[in-house]
Amino acid sequence: MKVAVSGFKGKMGHEVVKTVLREKDMELVAVLDKKPDEKNINELVEFNQLDVPVYRELTDLIKEKKPECVVDFTEPSVAYSHAKTIIEAGVRAVIGTTGFKPEQIEELSALSSQKKIGSLIAPNFAVGAVLMMQFAEKAAKYFPNVEIIELHHDNKLDAPSGTAIKTAEMMAKAREAINQGAKEEQETIQGARGAEYEGMRIHSVRLPGLVAHQEVIFGAEGQGLTLRHDSYDRLSFMSGVALAIRETANYETLVYGLENIL
Ligand code: NAP
């Protein structure tokens, strides 16, 4: 399976490159970077000892190297146009970059179906995080009062995290819609109660030393329930990425969320 990696120099892209090189049924045909230069190529050779071409233009990469799947871990500002270019070219897109708007996912989904191309956008590729979201969805039916605290490294560009939004979306389907907290509640410092999604509050913590962590805290009369997942290392995402590269070959549409292919 011919695979290309977009954003290969980044923290996640770097791990994906190593994963693709490790998997026996995958071949790394090219990588994409927005400013490829001699230094980038040397960096790549340094960690994999291979002569893999570095492209700046995604369209050139696809035309010349003909990947079957492009994995993208870049930035929220470019991931949508990357996904569109990949799917429009009839290539499978596996997108880990977060920050997609619901209407962008809908648009890409329609494009994938039209092109009959399997693709996946997953805010979290860690199987443990996916299980946490599923458990949260189940618990929200019985514990409608819930708050999400997501914690990430301080270089993260989007807030709240894609995982937190996806968790809230899943819980919103399962729980009755309620507004939480006191009716007369007032923030003496703006933002103190966090972001609001259908009555649920989401709090984003950004600190050096963290990777990706989330707590979903439920409260009810006389009891509480806390679900927590920790990604201590970016390796935690890689089995999910490898699964997505393989599994999207069996789909003719876009799948949103790793849980839908597990
Ligand atoms: P990062 O270390 O900042 O890496 C992003 C990389 O993308 C950088 O190397 C950057 O290059 C490159 N890039 C930016 N614009 C580009 C473009 N137009 N073309 C090609 N490459 C481009 O970030 P990260 O920690 O790896 O995270 C990347 C994304 O994945 C974020 O959105 C993050 O939230 C998400 N993420 C998802 C999961 C998941 O499981 N789905 C897990 C962790 C992180 P420069 O350095 O030259 O700017």
# chains A, B, ... in the order shown; residues from 1 in each chain; ligands from 1

$ closest_atom_pairs --of "region 147-214 of chain A" --to "region 98-101 of chain A" --cutoff "9 Å" --atoms "only C-alpha atoms" --output "Markdown table"
| residue | atom | partner | partner_atom | distance |
| --- | --- | --- | --- | --- |
| A:Leu157 | CA | A:Gly99 | CA | 8.7 |
| A:Asp158 | CA | A:Gly99 | CA | 6.0 |
| A:Ala159 | CA | A:Gly99 | CA | 8.0 |
| A:Pro160 | CA | A:Gly99 | CA | 8.6 |
| A:Ser161 | CA | A:Thr98 | CA | 7.2 |
| A:Gly162 | CA | A:Thr98 | CA | 5.3 |
| A:Thr163 | CA | A:Thr98 | CA | 8.4 |

$ write_last_selection --atoms "C-alpha atoms" --output "mmCIF file, in the first residue's frame"
data_model
loop_
_atom_site.group_PDB
_atom_site.id
_atom_site.type_symbol
_atom_site.label_atom_id
_atom_site.label_comp_id
_atom_site.auth_asym_id
_atom_site.auth_seq_id
_atom_site.Cartn_x
_atom_site.Cartn_y
_atom_site.Cartn_z
ATOM 1 C CA LEU A 157 -3.365 25.481 18.166
ATOM 2 C CA ASP A 158 -7.064 24.676 18.545
ATOM 3 C CA ALA A 159 -9.256 24.736 21.637
ATOM 4 C CA PRO A 160 -11.282 22.936 22.720
ATOM 5 C CA SER A 161 -9.673 19.755 21.399
ATOM 6 C CA GLY A 162 -11.332 17.747 18.644
ATOM 7 C CA THR A 163 -11.674 14.879 21.116
#

$ atom_distance --atom1 "CA of Lys116 (chain A)" --atom2 "CA of Glu252 (chain A)"
4.3 Å

$ residues_around --residues "Gly191 (chain A)" --least-positions-apart "3" --cutoff "12 Å" --atoms "only C-alpha atoms" --output "list in words"
Gln186, Glu187, Thr188, Gly194, Ala195, Glu196, Arg201, Ile202, His203 and Ser204 of chain A

$ write_last_selection --atoms "all heavy atoms" --output "PDB file, in the first residue's frame"
ATOM      1  N   GLN A 186     -23.165  33.825  37.406  1.00  0.00           N
ATOM      2  CA  GLN A 186     -22.499  34.915  36.687  1.00  0.00           C
ATOM      3  C   GLN A 186     -21.001  34.698  36.740  1.00  0.00           C
ATOM      4  O   GLN A 186     -20.466  34.329  37.789  1.00  0.00           O
ATOM      5  CB  GLN A 186     -22.827  36.250  37.346  1.00  0.00           C
ATOM      6  CG  GLN A 186     -24.189  36.764  36.949  1.00  0.00           C
ATOM      7  CD  GLN A 186     -24.453  38.165  37.482  1.00  0.00           C
ATOM      8  OE1 GLN A 186     -23.626  38.735  38.188  1.00  0.00           O
ATOM      9  NE2 GLN A 186     -25.601  38.706  37.147  1.00  0.00           N
ATOM     10  N   GLU A 187     -20.351  34.938  35.610  1.00  0.00           N
ATOM     11  CA  GLU A 187     -18.884  34.805  35.593  1.00  0.00           C
ATOM     12  C   GLU A 187     -18.277  36.134  36.022  1.00  0.00           C
ATOM     13  O   GLU A 187     -18.471  37.143  35.342  1.00  0.00           O
ATOM     14  CB  GLU A 187     -18.406  34.453  34.189  1.00  0.00           C
ATOM     15  CG  GLU A 187     -18.734  33.037  33.771  1.00  0.00           C
ATOM     16  CD  GLU A 187     -18.263  32.740  32.353  1.00  0.00           C
ATOM     17  OE1 GLU A 187     -18.211  33.669  31.531  1.00  0.00           O
ATOM     18  OE2 GLU A 187     -17.950  31.578  32.076  1.00  0.00           O
ATOM     19  N   THR A 188     -17.510  36.129  37.090  1.00  0.00           N
ATOM     20  CA  THR A 188     -16.850  37.374  37.492  1.00  0.00           C
ATOM     21  C   THR A 188     -15.581  37.579  36.661  1.00  0.00           C
ATOM     22  O   THR A 188     -15.115  38.688  36.488  1.00  0.00           O
ATOM     23  CB  THR A 188     -16.516  37.362  39.001  1.00  0.00           C
ATOM     24  OG1 THR A 188     -15.927  36.104  39.310  1.00  0.00           O
ATOM     25  CG2 THR A 188     -17.754  37.561  39.840  1.00  0.00           C
ATOM     26  N   GLY A 194     -15.870  27.996  31.228  1.00  0.00           N
ATOM     27  CA  GLY A 194     -15.453  27.227  30.054  1.00  0.00           C
ATOM     28  C   GLY A 194     -16.353  27.443  28.854  1.00  0.00           C
ATOM     29  O   GLY A 194     -17.253  28.272  28.864  1.00  0.00           O
ATOM     30  N   ALA A 195     -16.081  26.660  27.791  1.00  0.00           N
ATOM     31  CA  ALA A 195     -16.903  26.747  26.576  1.00  0.00           C
ATOM     32  C   ALA A 195     -18.200  25.994  26.821  1.00  0.00           C
ATOM     33  O   ALA A 195     -18.262  25.109  27.668  1.00  0.00           O
ATOM     34  CB  ALA A 195     -16.140  26.149  25.404  1.00  0.00           C
ATOM     35  N   GLU A 196     -19.234  26.345  26.041  1.00  0.00           N
ATOM     36  CA  GLU A 196     -20.530  25.709  26.244  1.00  0.00           C
ATOM     37  C   GLU A 196     -20.935  24.937  24.988  1.00  0.00           C
ATOM     38  O   GLU A 196     -20.847  25.456  23.879  1.00  0.00           O
ATOM     39  CB  GLU A 196     -21.554  26.809  26.572  1.00  0.00           C
ATOM     40  CG  GLU A 196     -22.864  26.288  27.111  1.00  0.00           C
ATOM     41  CD  GLU A 196     -23.948  26.202  26.053  1.00  0.00           C
ATOM     42  OE1 GLU A 196     -23.897  26.991  25.099  1.00  0.00           O
ATOM     43  OE2 GLU A 196     -24.826  25.330  26.179  1.00  0.00           O
ATOM     44  N   ARG A 201     -20.254  22.010  29.711  1.00  0.00           N
ATOM     45  CA  ARG A 201     -19.093  22.901  29.765  1.00  0.00           C
ATOM     46  C   ARG A 201     -17.822  22.145  29.410  1.00  0.00           C
ATOM     47  O   ARG A 201     -17.620  21.007  29.845  1.00  0.00           O
ATOM     48  CB  ARG A 201     -18.960  23.494  31.173  1.00  0.00           C
ATOM     49  CG  ARG A 201     -20.128  24.387  31.546  1.00  0.00           C
ATOM     50  CD  ARG A 201     -20.080  25.684  30.752  1.00  0.00           C
ATOM     51  NE  ARG A 201     -21.288  26.474  30.934  1.00  0.00           N
ATOM     52  CZ  ARG A 201     -21.396  27.744  30.544  1.00  0.00           C
ATOM     53  NH1 ARG A 201     -20.381  28.346  29.965  1.00  0.00           N
ATOM     54  NH2 ARG A 201     -22.513  28.402  30.717  1.00  0.00           N
ATOM     55  N   ILE A 202     -16.975  22.786  28.616  1.00  0.00           N
ATOM     56  CA  ILE A 202     -15.694  22.182  28.229  1.00  0.00           C
ATOM     57  C   ILE A 202     -14.567  23.119  28.660  1.00  0.00           C
ATOM     58  O   ILE A 202     -14.606  24.320  28.356  1.00  0.00           O
ATOM     59  CB  ILE A 202     -15.605  21.962  26.698  1.00  0.00           C
ATOM     60  CG1 ILE A 202     -16.815  21.158  26.189  1.00  0.00           C
ATOM     61  CG2 ILE A 202     -14.307  21.247  26.340  1.00  0.00           C
ATOM     62  CD1 ILE A 202     -16.852  20.965  24.673  1.00  0.00           C
ATOM     63  N   HIS A 203     -13.592  22.585  29.366  1.00  0.00           N
ATOM     64  CA  HIS A 203     -12.473  23.381  29.886  1.00  0.00           C
ATOM     65  C   HIS A 203     -11.179  22.886  29.233  1.00  0.00           C
ATOM     66  O   HIS A 203     -10.929  21.685  29.196  1.00  0.00           O
ATOM     67  CB  HIS A 203     -12.370  23.238  31.404  1.00  0.00           C
ATOM     68  CG  HIS A 203     -13.692  23.449  32.099  1.00  0.00           C
ATOM     69  ND1 HIS A 203     -14.112  24.673  32.562  1.00  0.00           N
ATOM     70  CD2 HIS A 203     -14.704  22.577  32.371  1.00  0.00           C
ATOM     71  CE1 HIS A 203     -15.318  24.554  33.112  1.00  0.00           C
ATOM     72  NE2 HIS A 203     -15.692  23.293  33.002  1.00  0.00           N
ATOM     73  N   SER A 204     -10.382  23.818  28.724  1.00  0.00           N
ATOM     74  CA  SER A 204      -9.134  23.451  28.030  1.00  0.00           C
ATOM     75  C   SER A 204      -7.929  23.889  28.854  1.00  0.00           C
ATOM     76  O   SER A 204      -7.783  25.074  29.158  1.00  0.00           O
ATOM     77  CB  SER A 204      -9.081  24.117  26.655  1.00  0.00           C
ATOM     78  OG  SER A 204     -10.149  23.679  25.858  1.00  0.00           O
TER      79      SER A 204
END

$ atom_distance --atom1 "CA of Ile87 (chain A)" --atom2 "CA of Gln114 (chain A)"
9.8 Å

$ residues_around --residues "region 255-259 of chain A" --least-positions-apart "2" --cutoff "7 Å" --atoms "only C-alpha atoms" --output "compact mmCIF listing (two decimals) with C-alpha atoms, in the first residue's frame"
# COMPACT_ATOMS: atom_id res chain seq x y z
CA SER A 119 -11.54 8.31 4.05
CA LEU A 120 -11.38 8.93 7.77
CA ILE A 121 -11.24 12.00 9.97
CA ALA A 122 -10.54 11.09 13.58
CA PRO A 123 -10.03 13.64 16.36
CA PHE A 125 -6.59 7.76 17.08
CA VAL A 130 -12.26 6.15 21.73
CA THR A 253 -17.42 7.19 2.00
CA ILE A 261 -14.14 1.35 12.02
CA LEU A 262 -13.12 -0.52 15.19

$ closest_residue --among "A:Met238, A:Ala30, A:Val205, A:Ile86" --to "Leu61 (chain A)" --atoms "only C-alpha atoms"
A:Ala30

$ residues_around --residues "region 176-184 of chain A" --least-positions-apart "3" --cutoff "7 Å" --atoms "only C-alpha atoms" --output "ChimeraX atom specification"
/A:144-145,198-200

$ write_last_selection --atoms "N, CA and C atoms" --output "mmCIF file, in the first residue's frame"
data_model
loop_
_atom_site.group_PDB
_atom_site.id
_atom_site.type_symbol
_atom_site.label_atom_id
_atom_site.label_comp_id
_atom_site.auth_asym_id
_atom_site.auth_seq_id
_atom_site.Cartn_x
_atom_site.Cartn_y
_atom_site.Cartn_z
ATOM 1 N N PRO A 144 -26.897 13.165 33.210
ATOM 2 C CA PRO A 144 -26.899 14.265 32.240
ATOM 3 C C PRO A 144 -26.048 15.471 32.653
ATOM 4 N N ASN A 145 -25.692 15.572 33.948
ATOM 5 C CA ASN A 145 -24.840 16.690 34.391
ATOM 6 C C ASN A 145 -23.377 16.284 34.235
ATOM 7 N N GLU A 198 -24.217 22.660 23.954
ATOM 8 C CA GLU A 198 -25.529 22.116 24.320
ATOM 9 C C GLU A 198 -25.700 21.966 25.831
ATOM 10 N N GLY A 199 -25.310 23.011 26.552
ATOM 11 C CA GLY A 199 -25.495 23.005 27.999
ATOM 12 C C GLY A 199 -24.339 22.378 28.764
ATOM 13 N N MET A 200 -23.435 21.687 28.049
ATOM 14 C CA MET A 200 -22.270 21.076 28.732
ATOM 15 C C MET A 200 -21.103 22.060 28.714
#

$ select_by_dssp --residues "region 43-225 of chain A" --states "strand (DSSP E or B)" --output "number ranges by chain"
A: 54-55, 69-72, 92-95, 119-121, 146-152, 195-197, 200-206, 212-220, 223-225

$ closest_residue --among "A:Lys115, A:Lys65, A:His229, A:Lys2" --to "Ala136 (chain A)" --atoms "only C-alpha atoms"
A:His229
